[in-house]
Amino acid sequence: MSFFSDPRWHEALGHLPDYLGSHVRVSLAALLLGLAVSLPLALMARNRPVPRGALLGFASIVQTVPGLALLALFYPLLLALAAMSMTWFGISFSAFGFLPAVLALALYSMLPVLRNTITGLQGIDPALTEAAQGVGMTPRQSLTMVELPLALPVIMAGIRTAAVWVIGTATLSTPIGQTSLGNYIFAGLQTQNWVFVLFGCAAAAILALVVDQLLALIEAGLRLRRRLRVAIGAIGIVVLVAATLLPSLLRAQSTYVVGAKTFTEQYVLAALISQRLQAAGLTATTRQGLGSSVIFEALANNDIDVYVDYSGTLWTNQFHEPGIKPRRELLDDLKATLAQQHITLLGELGFENAYALVMPRQRAEALNIHSIADLAAHAGALSIAGDYEFFSRPEWAALQKAYGLHFRQQRQMQPDFMYAAVASGEVDVIAGYTSDGLIAKYGLTVLDDPKHAIPPYDAIVLLSPRRANDPKLRTALQPLLGKVDIATMREANLRASGNDAESSPPAVARWLWAKVRQ
């Protein structure tokens, strides 16, 4: 089978209307907001050195903030504002997905528009503005009839740059719940589906080029006073927007939203839940690649309806509760704590997925390392890798406190790449996951935790407040509860680590459902 005959291309095309439509909507809204703010500010500050310097300095600082960080920062800020608005005015709004993405991307669009507008207006020959005043033009007439038309090519160049920046950065909005072409990239990286990665990158690049050329056509038409060019460019943008709006207008309003975190197992479980809902005659969509805090807050605020989390993660990270509890006691306490926020713990899937320190089996045997306590004596000469959040999580602090771990080097990696890195000897130890099939694939071993520094991590199904008493949702998910054991989940994760059509999350989810039914 050739690369382009891979059925995953067909799967990628199936997602295109939703992903592309959402990407265009958030990019267009952000660009329009950025223009609405930047152009008046540039006009106001163009002849005032202090405000001009402050504006350009602020916009430049925004550009130094990594795009993903800027997007993530807006989410908790908007959550706090939504809570204040509800308390003071009885009105709330969603801080999930679209709004934080639009605000962050609008900030990103400001610098090229501000800089080019100010530069374009300042670059006009003073003799021309003096001539305009000489024939009796007011400052406003001079601006609209002389200065802006002359500065238009430079201003449009800034708008084109801003549009390309926004479209590219919008791919990073997936972790805060905004569907975009970045869904292909994040999902592809996590599941090693390089077809999705390539498709997402190509689609984003093509979209940026198309928009850039349509804006260039409008700019050329205005500059040369060719109305046909302006009309063609404007019609092209209108058609693009209309085509991407159509799928959302046709989509059912009663869609159930299934959330997923940023690792392979979550993609598989989200696909499994979606398939069960669809089999029950319900409409389901997924919001994948969400951060641990973002996904929980999204559920609490009814922005998603259902997802799978892990008991220890919620207990230590979300609720910041200290200490290790017996498994059943932890689940009972967690259920009561969640109920206070009107979140329903529907039940356990039947397996645990905890953090664990993992080494190549042969290396561990050669060093006589069987537990984390044994590892502590060798840690000073070894390197360790974890996912992007592990070293800031309570589990890592608990391990260090319990065992006195101090490694020669700490590295952060994408989860799937960690296993290949430790198997090849690039790092010595990784913070893996007990249910991951890659442990067996790469000949690795999980080190014992005799001091129980890491709490239990039962996979649990959570329902949002608005879906707490939804009989259709409960009925659809009931057959999954208690039916997915650790061996089955490891095999599912192992299957998902491949690089073919059968390793895609939907395909693995279908296999997992067949196993559950046996």
# chains A, B, ... in the order shown; residues from 1 in each chain; ligands from 1
call {"tool": "closest_atom_pairs", "arguments": {"of": "segment 286-336 of chain A", "to": "segment 344-352 of chain A", "cutoff": "9 Å", "atoms": "only C-alpha atoms", "output": "CSV"}}
result
residue,atom,partner,partner_atom,distance
A:Val308,CA,A:Leu349,CA,8.7
A:Tyr310,CA,A:Glu352,CA,7.8
A:Ser311,CA,A:Glu352,CA,9.0
A:Leu334,CA,A:Leu345,CA,8.4
A:Lys335,CA,A:Leu345,CA,5.8
A:Ala336,CA,A:Leu345,CA,9.0
call {"tool": "select_by_dssp", "arguments": {"residues": "segment 363-407 of chain A", "states": "strand (DSSP E)", "output": "list in words"}}
result
Ser383, Ile384, Ala385 and Gly386 of chain A
call {"tool": "closest_atom_pairs", "arguments": {"of": "segment 451-486 of chain A", "to": "segment 363-379 of chain A", "cutoff": "12 Å", "atoms": "only C-alpha atoms", "output": "CSV"}}
result
residue,atom,partner,partner_atom,distance
A:Lys451,CA,A:Ala373,CA,8.5
A:His452,CA,A:Ile372,CA,10.2
A:Ala453,CA,A:Ile372,CA,10.0
A:Ile454,CA,A:Ile372,CA,11.4
call {"tool": "write_last_selection", "arguments": {"atoms": "N, CA and C atoms", "output": "PDB file, in the first residue's frame"}}
result
ATOM      1  N   LYS A 451       7.184   2.515  48.850  1.00  0.00           N
ATOM      2  CA  LYS A 451       6.701   3.514  49.808  1.00  0.00           C
ATOM      3  C   LYS A 451       5.368   4.127  49.378  1.00  0.00           C
ATOM      4  N   HIS A 452       4.838   3.651  48.257  1.00  0.00           N
ATOM      5  CA  HIS A 452       3.529   4.117  47.763  1.00  0.00           C
ATOM      6  C   HIS A 452       3.469   5.640  47.665  1.00  0.00           C
ATOM      7  N   ALA A 453       4.505   6.214  47.048  1.00  0.00           N
ATOM      8  CA  ALA A 453       4.544   7.669  46.885  1.00  0.00           C
ATOM      9  C   ALA A 453       3.523   8.155  45.869  1.00  0.00           C
ATOM     10  N   ILE A 454       3.159   7.290  44.918  1.00  0.00           N
ATOM     11  CA  ILE A 454       2.197   7.670  43.876  1.00  0.00           C
ATOM     12  C   ILE A 454       0.835   7.096  44.239  1.00  0.00           C
TER      13      ILE A 454
END
call {"tool": "select_by_dssp", "arguments": {"residues": "segment 23-231 of chain A", "states": "alpha helix (DSSP H)", "output": "PyMOL selection string"}}
result
chain A and resi 23-45+49-64+67-89+98-122+126-134+139-142+148-169+182-191+194-224+227-231
call {"tool": "closest_residue", "arguments": {"among": "A:Gly90, A:Gly123, A:Gly182, A:Pro76", "to": "Phe196 of chain A", "atoms": "only C-alpha atoms"}}
result
A:Gly182
call {"tool": "atom_distance", "arguments": {"atom1": "atom CA of Ser109 of chain A", "atom2": "atom CA of Arg287 of chain A"}}
result
25.5 Å
call {"tool": "closest_residue", "arguments": {"among": "A:Leu330, A:Ala514, A:Ala397, A:Ala339", "to": "Asp458 of chain A", "atoms": "only C-alpha atoms"}}
result
A:Leu330
call {"tool": "residues_around", "arguments": {"residues": "Asn193 of chain A", "least_positions_apart": "4", "cutoff": "10 Å", "atoms": "only C-alpha atoms", "output": "PyMOL selection string"}}
result
chain A and resi 8+184-189+197-198+496-501+503-505
call {"tool": "write_last_selection", "arguments": {"atoms": "C-alpha atoms", "output": "PDB file, in the first residue's frame"}}
result
ATOM      1  CA  ARG A   8      -6.061   7.554   7.047  1.00  0.00           C
ATOM      2  CA  TYR A 184      -4.682  17.043  13.262  1.00  0.00           C
ATOM      3  CA  ILE A 185      -1.213  17.958  14.504  1.00  0.00           C
ATOM      4  CA  PHE A 186      -1.759  17.326  18.217  1.00  0.00           C
ATOM      5  CA  ALA A 187      -3.613  14.054  17.620  1.00  0.00           C
ATOM      6  CA  GLY A 188      -1.067  12.926  15.035  1.00  0.00           C
ATOM      7  CA  LEU A 189       1.897  13.583  17.317  1.00  0.00           C
ATOM      8  CA  VAL A 197       0.461  15.646  11.135  1.00  0.00           C
ATOM      9  CA  LEU A 198       1.273  16.174   7.456  1.00  0.00           C
ATOM     10  CA  ALA A 496      -2.519   2.517  19.045  1.00  0.00           C
ATOM     11  CA  SER A 497       1.281   2.880  18.984  1.00  0.00           C
ATOM     12  CA  GLY A 498       1.488   1.545  15.431  1.00  0.00           C
ATOM     13  CA  ASN A 499       1.668   3.621  12.283  1.00  0.00           C
ATOM     14  CA  ASP A 500      -1.093   2.263  10.093  1.00  0.00           C
ATOM     15  CA  ALA A 501      -4.836   2.619   9.624  1.00  0.00           C
ATOM     16  CA  SER A 503      -3.735   1.927  14.888  1.00  0.00           C
ATOM     17  CA  SER A 504      -5.961   5.015  14.609  1.00  0.00           C
ATOM     18  CA  PRO A 505      -7.966   5.785  17.786  1.00  0.00           C
TER      19      PRO A 505
END
call {"tool": "closest_atom_pairs", "arguments": {"of": "segment 190-259 of chain A", "to": "segment 162-174 of chain A", "cutoff": "10 Å", "atoms": "only C-alpha atoms", "output": "tab-separated table"}}
result
residue	atom	partner	partner_atom	distance
A:Gly200	CA	A:Thr171	CA	8.7
A:Cys201	CA	A:Thr171	CA	9.0
A:Ala204	CA	A:Gly168	CA	6.6
A:Ala205	CA	A:Gly168	CA	7.6
A:Leu207	CA	A:Ile167	CA	7.7
A:Ala208	CA	A:Val164	CA	5.3
A:Leu209	CA	A:Val164	CA	7.7
A:Val210	CA	A:Val164	CA	9.8
A:Val211	CA	A:Ala163	CA	7.5
A:Asp212	CA	A:Val164	CA	6.8
A:Leu215	CA	A:Ala163	CA	9.1
call {"tool": "atom_distance", "arguments": {"atom1": "atom CA of Ala280 of chain A", "atom2": "atom CA of Trp513 of chain A"}}
result
13.9 Å
call {"tool": "residues_around", "arguments": {"residues": "Leu150 of chain A", "least_positions_apart": "2", "cutoff": "8 Å", "atoms": "only C-alpha atoms", "output": "number ranges by chain"}}
result
A: 120-121, 124, 146-148, 152-153
call {"tool": "residues_around", "arguments": {"residues": "Asp387 of chain A", "least_positions_apart": "4", "cutoff": "6 Å", "atoms": "only C-alpha atoms", "output": "PDB file with C-alpha atoms, in the first residue's frame"}}
result
ATOM      1  CA  GLN A 412      10.831  16.965  29.027  1.00  0.00           C
ATOM      2  CA  MET A 413       9.491  15.118  25.987  1.00  0.00           C
ATOM      3  CA  GLN A 414       6.295  14.284  24.215  1.00  0.00           C
ATOM      4  CA  PRO A 415       5.012  11.088  25.918  1.00  0.00           C
TER       5      PRO A 415
END
call {"tool": "decode", "arguments": {"residues": "segment 371-459 of chain A", "atoms": "C-alpha atoms", "output": "PDB file, in the first residue's frame"}}
result
ATOM      1  CA  SER A 371      12.409  -0.620  42.783  1.00  0.00           C
ATOM      2  CA  ILE A 372      12.578   3.151  43.073  1.00  0.00           C
ATOM      3  CA  ALA A 373      14.447   2.645  46.349  1.00  0.00           C
ATOM      4  CA  ASP A 374      17.152   0.745  44.429  1.00  0.00           C
ATOM      5  CA  LEU A 375      17.184   3.468  41.779  1.00  0.00           C
ATOM      6  CA  ALA A 376      17.908   6.213  44.328  1.00  0.00           C
ATOM      7  CA  ALA A 377      21.494   4.948  44.834  1.00  0.00           C
ATOM      8  CA  HIS A 378      22.238   5.294  41.083  1.00  0.00           C
ATOM      9  CA  ALA A 379      20.136   8.374  40.233  1.00  0.00           C
ATOM     10  CA  GLY A 380      23.006  10.861  40.492  1.00  0.00           C
ATOM     11  CA  ALA A 381      24.659   9.301  37.438  1.00  0.00           C
ATOM     12  CA  LEU A 382      21.456   8.851  35.408  1.00  0.00           C
ATOM     13  CA  SER A 383      19.102  11.063  33.373  1.00  0.00           C
ATOM     14  CA  ILE A 384      15.308  11.064  33.538  1.00  0.00           C
ATOM     15  CA  ALA A 385      12.631  12.227  31.081  1.00  0.00           C
ATOM     16  CA  GLY A 386       9.011  13.074  31.784  1.00  0.00           C
ATOM     17  CA  ASP A 387       6.078  14.527  29.913  1.00  0.00           C
ATOM     18  CA  TYR A 388       5.545  18.273  29.747  1.00  0.00           C
ATOM     19  CA  GLU A 389       3.898  18.511  33.171  1.00  0.00           C
ATOM     20  CA  PHE A 390       5.423  15.699  35.224  1.00  0.00           C
ATOM     21  CA  PHE A 391       8.223  17.628  36.940  1.00  0.00           C
ATOM     22  CA  SER A 392       5.791  20.282  38.175  1.00  0.00           C
ATOM     23  CA  ARG A 393       3.254  17.745  39.475  1.00  0.00           C
ATOM     24  CA  PRO A 394       2.831  16.620  43.123  1.00  0.00           C
ATOM     25  CA  GLU A 395       3.775  13.041  42.166  1.00  0.00           C
ATOM     26  CA  TRP A 396       7.326  14.104  41.334  1.00  0.00           C
ATOM     27  CA  ALA A 397       7.634  16.059  44.571  1.00  0.00           C
ATOM     28  CA  ALA A 398       6.325  13.035  46.497  1.00  0.00           C
ATOM     29  CA  LEU A 399       8.832  10.714  44.802  1.00  0.00           C
ATOM     30  CA  GLN A 400      11.719  13.045  45.587  1.00  0.00           C
ATOM     31  CA  LYS A 401      10.636  13.366  49.221  1.00  0.00           C
ATOM     32  CA  ALA A 402      10.040   9.648  49.712  1.00  0.00           C
ATOM     33  CA  TYR A 403      13.183   8.358  48.004  1.00  0.00           C
ATOM     34  CA  GLY A 404      15.582  11.312  47.888  1.00  0.00           C
ATOM     35  CA  LEU A 405      15.831  11.147  44.089  1.00  0.00           C
ATOM     36  CA  HIS A 406      18.341  13.494  42.459  1.00  0.00           C
ATOM     37  CA  PHE A 407      19.090  12.773  38.810  1.00  0.00           C
ATOM     38  CA  ARG A 408      22.014  14.052  36.799  1.00  0.00           C
ATOM     39  CA  GLN A 409      19.640  15.514  34.179  1.00  0.00           C
ATOM     40  CA  GLN A 410      15.912  16.103  33.752  1.00  0.00           C
ATOM     41  CA  ARG A 411      14.354  16.354  30.291  1.00  0.00           C
ATOM     42  CA  GLN A 412      10.831  16.965  29.027  1.00  0.00           C
ATOM     43  CA  MET A 413       9.491  15.118  25.987  1.00  0.00           C
ATOM     44  CA  GLN A 414       6.295  14.284  24.215  1.00  0.00           C
ATOM     45  CA  PRO A 415       5.012  11.088  25.918  1.00  0.00           C
ATOM     46  CA  ASP A 416       5.291   8.721  22.949  1.00  0.00           C
ATOM     47  CA  PHE A 417       8.852   9.852  22.202  1.00  0.00           C
ATOM     48  CA  MET A 418       9.981   9.140  25.773  1.00  0.00           C
ATOM     49  CA  TYR A 419       9.678   5.382  25.323  1.00  0.00           C
ATOM     50  CA  ALA A 420      11.813   5.332  22.193  1.00  0.00           C
ATOM     51  CA  ALA A 421      14.326   7.619  23.925  1.00  0.00           C
ATOM     52  CA  VAL A 422      14.759   5.359  26.945  1.00  0.00           C
ATOM     53  CA  ALA A 423      14.860   2.219  24.808  1.00  0.00           C
ATOM     54  CA  SER A 424      17.637   3.706  22.660  1.00  0.00           C
ATOM     55  CA  GLY A 425      19.646   4.868  25.691  1.00  0.00           C
ATOM     56  CA  GLU A 426      19.171   8.588  25.046  1.00  0.00           C
ATOM     57  CA  VAL A 427      17.830   8.817  28.606  1.00  0.00           C
ATOM     58  CA  ASP A 428      18.135   6.277  31.414  1.00  0.00           C
ATOM     59  CA  VAL A 429      14.737   6.493  33.136  1.00  0.00           C
ATOM     60  CA  ILE A 430      11.339   7.857  32.149  1.00  0.00           C
ATOM     61  CA  ALA A 431       8.156   8.730  34.004  1.00  0.00           C
ATOM     62  CA  GLY A 432       5.836   6.436  32.068  1.00  0.00           C
ATOM     63  CA  TYR A 433       2.303   5.180  32.612  1.00  0.00           C
ATOM     64  CA  THR A 434       1.378   1.785  34.032  1.00  0.00           C
ATOM     65  CA  SER A 435      -1.250   1.070  31.370  1.00  0.00           C
ATOM     66  CA  ASP A 436       0.948   1.959  28.398  1.00  0.00           C
ATOM     67  CA  GLY A 437       1.520  -0.810  25.886  1.00  0.00           C
ATOM     68  CA  LEU A 438       4.831   0.728  24.838  1.00  0.00           C
ATOM     69  CA  ILE A 439       6.392  -0.736  27.996  1.00  0.00           C
ATOM     70  CA  ALA A 440       6.117  -4.223  26.502  1.00  0.00           C
ATOM     71  CA  LYS A 441       6.858  -3.034  22.957  1.00  0.00           C
ATOM     72  CA  TYR A 442      10.268  -1.619  23.932  1.00  0.00           C
ATOM     73  CA  GLY A 443      11.249  -4.273  26.492  1.00  0.00           C
ATOM     74  CA  LEU A 444      10.971  -1.965  29.501  1.00  0.00           C
ATOM     75  CA  THR A 445      10.203  -2.669  33.147  1.00  0.00           C
ATOM     76  CA  VAL A 446       8.174  -0.745  35.724  1.00  0.00           C
ATOM     77  CA  LEU A 447      10.042  -0.131  38.975  1.00  0.00           C
ATOM     78  CA  ASP A 448       8.208  -0.979  42.195  1.00  0.00           C
ATOM     79  CA  ASP A 449       7.067   1.840  44.482  1.00  0.00           C
ATOM     80  CA  PRO A 450       7.434   0.242  47.964  1.00  0.00           C
ATOM     81  CA  LYS A 451       6.701   3.514  49.808  1.00  0.00           C
ATOM     82  CA  HIS A 452       3.529   4.117  47.763  1.00  0.00           C
ATOM     83  CA  ALA A 453       4.544   7.669  46.885  1.00  0.00           C
ATOM     84  CA  ILE A 454       2.197   7.670  43.876  1.00  0.00           C
ATOM     85  CA  PRO A 455      -1.530   7.439  44.700  1.00  0.00           C
ATOM     86  CA  PRO A 456      -3.983   5.060  42.952  1.00  0.00           C
ATOM     87  CA  TYR A 457      -5.182   6.190  39.535  1.00  0.00           C
ATOM     88  CA  ASP A 458      -8.446   4.460  38.660  1.00  0.00           C
ATOM     89  CA  ALA A 459      -9.809   5.490  35.265  1.00  0.00           C
TER      90      ALA A 459
END
